[in-house]
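So the structure is just underneath, and the comments pick up after that.
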Amino acid sequence: MLVGTPRLITFITSHHLHRLCTHSARQTFRWILGGAAAASGRPQSMEPLKPAQDPESPTTKPPPTPTEGTSLAPADTAADKEKTLPAGLLPGETVVKEGKAAILFPSANEVFYNPVQEFNRDLTCAVITEFARDLLAQRGVKLVVPGEKERVVVSLSEETNEADAQTEETNGAEEPPVTAAVGEKCESGLRVLEGLAASGLRSVRFALEVPGLRSITANDFSAKAAALIARNAQYNGVSHLLQASCRDANMLMYEMRGKKDRYDVIDLDPYGSPACFLDAAVQAVSEGGLLCITCTDMAVMAGNSGETCYSKYGSVSIKAKYCHEMALRIILHSLDQRAGVYQRYIQPLLSISVDFYIRVFVRVFTGQATVKNSASKQALVYNCVGCGSFHLQRMGRRTSNGKHMKYSPATGPPVGSECEHCGQRHQLGGPLWAEPIHDLAFVQRVLSAVSGNPSRFGTSKRIEGMLSMVTEELEDVPLYYTVDSLSSTIHSNTPPLLQFRSALLHAGHRVSLSHACKNAIKTDAPPAALWDIMRCWEKANPVKREKLSETSPAFKILSTEPSLEACFTVREDANPQSRKRHLTRFQENPHMFWGPKARAKAGGGISTDLQDKRKKCQNKRKNQITDSSQLKDFPCKKFRQGTCTYGDKCCYSHDPEQMNEKMD
């Protein structure tokens, strides 16, 4: 037992080094994690896990799973290893429990596990379950989900002929319903691929929690990661369903492009951008299959680096209040564009922007005629840099001509050289997906399944709150405004959300919230109507116009009289049901430093402690120096570089000892 310990401890080190040198490989065990497992406030258990059987046996069952939360169970201390080491664990190993899975990690000191990503995995299990339910129902297979109540179909007709009854009994005897339960192999079930599996946690959860699966391929480019996946599959007793693979993810998917070889479900959750995997993924998924994509490069897609976004996704991102939804539409545009090359098109089922990552679920179909609609589904966005008003310009236009569809270039632009409201210039972003980003009927089925079986997932409350907001969104209205940005533009106080929504409803416009932002307003009202409402609000809550510059957007907007009389009386329908029921709609920080974690360093392990780095780079202005004499306590950077020309008059120190101390 002790002889193998150094090999296990160096497992992650070589794994990290190998991953940093390869673009097509997955970073170790997903350092960026997001979700809401910790949002429920559940404590982290530190008790060791004791499997019920020896995991080396091929018929072992998964160890008992707690009903709540995620637990991190390290092995015992070195003095008691040989005496108290749980069965199936090697010295130094750590067990992470999430859902019904128990995952082994080689060393608690080398591997970081963030439980807040549990929301992502829970939602994925829920979506794949409903997708499998719809698809396998066509094949005569019924899913049996643990904890789900039996759906009883009641006949409304009280009188039934004896002949009909006998016919029904005969048919039922000939064709007994085929059922599929979790953990069982279904011959007509789904073939699932997790292209970047790392430890295999997600794949193990699929095997233990999603019924109707035929096979799961958990792939990783690292040979040692693939060995760990196989060990975790055996430890959880799902080796009959889950096969470990050590391949380049792109090459694996390219080799499975044949119609008979394609996967029904492909899940990609890389460290950062999934751009390099999208081309292979849209080819390797079956007809009507499901693609599950995670993007953690939110900064690039939200406008911090528009040129990088274009190089990866073929779209220019811009900084705007609606950047999180724009990021969703950029990845959908990229998927549709890549699928169109192969005469395929996408149908979004669910697209969410959560915290610092994006998760999209889309179905992929083949159809040359439908692919021609792609241009009319994409749009450019004109965003005013002064007041934030935006307008969409479709890339193409299609008109029905009897039995035929006519395609033509779109006409535009929809705006002039200057904004009609504030006189400022426009930014041009996109192209982006301008069609609905959710399938409301499918989302409603997932919501009903989760709310009817809340004990199935640890983050069921947050899934219910998130999906409830999704069902309330206006599906035909791309992007949104925020109430605080509208009031900030004219330098007024912010109107209450319900009053602003009520004013839009009184004016005859539709309005909804957005899951991507707390203060979002999605509405079909034109920007002119929004500014008229803000002008009416400013009259009741006046600003000091004498302090406004004549060239400022606020001055020009308030100089125009409103064309309507806004009514701010609160309406009953202004408050959506998800808000009335106080559902958990948005993530709250579960603890300090819970966000993106450090990338693995080349030498192994985690790079410099992230908390120490934050102390150096943040909170610089909390204890500002007001007395210039205190600056003498800090060495002069220019003096150290030999470029300081102030000499003794310099307010910073030129003491060599302080220089040496600072360098030390």
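Here's how to read the names in the structure tokens: chain A, B, ... by the order shown, residue numbers from 1 in each chain, ligand numbers from 1 in the order shown.
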- [ ] Name the residues of stretch 412-491 of chain A that come out as alpha helix (DSSP H) in a backbone DSSP run; write them as JSON, numbers by chain.
- [x] {"A": [440, 441, 442, 443, 444, 445, 446, 447, 448, 449, 450, 451, 452, 460, 461, 462, 463, 464, 465, 466, 467, 468, 469, 470, 471, 472, 483, 484, 485, 486, 487, 488, 489]}
Open item on the list: Would you pick out the contacts of A:Asp122 at 7 Å or less, using only C-alpha atoms, so that residues sharing its chain but fewer than 4 positions from it are not included, and give the list as a PyMOL selection string?
Closed with: chain A and resi 118+126+457+459
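Taking atom CA of A:Pro478 and atom CA of A:Ala528 as the two end points, the separation is 17.2 Å.
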Task: Nearest-residue call for A:Phe277, choices A:Leu252, A:Val483, A:Val192, A:Met298, using only C-alpha atoms - done: A:Leu252
Rows by chain and residue number, stretch 302-374 of chain A within 9 Å of stretch 506-519 of chain A, shortest pair, only C-alpha atoms, as a tab-separated table:
residue	atom	partner	partner_atom	distance
A:Lys321	CA	A:Cys517	CA	8.9
A:Tyr322	CA	A:Cys517	CA	8.2
A:His324	CA	A:Ala516	CA	6.2
A:Glu325	CA	A:Ala516	CA	6.4
A:Ile352	CA	A:Ala516	CA	7.2
A:Ser353	CA	A:Ala516	CA	5.5
A:Val354	CA	A:Ala516	CA	6.8
A:Asp355	CA	A:Ala516	CA	8.5
- [ ] Find the spatial neighbours of A:Leu504, counting only C-alpha atoms, within a cut-off of 12 Å - ignore same-chain residues fewer than 3 positions away - and output them as a ChimeraX atom specification.
- [x] /A:497-501,507-512,521-534,564-571,573-574
TODO: Please report, as an MDAnalysis selection string, each residue of stretch 494-554 of chain A to which DSSP assigns strand (DSSP E or B) when run on this structure's backbone.
DONE: chainID A and resid 511:514 517:523
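Closest approach to A:Asp220 among A:Arg394, A:Arg247, A:Lys544, A:Lys461 is made by A:Arg247 (distances from only C-alpha atoms).
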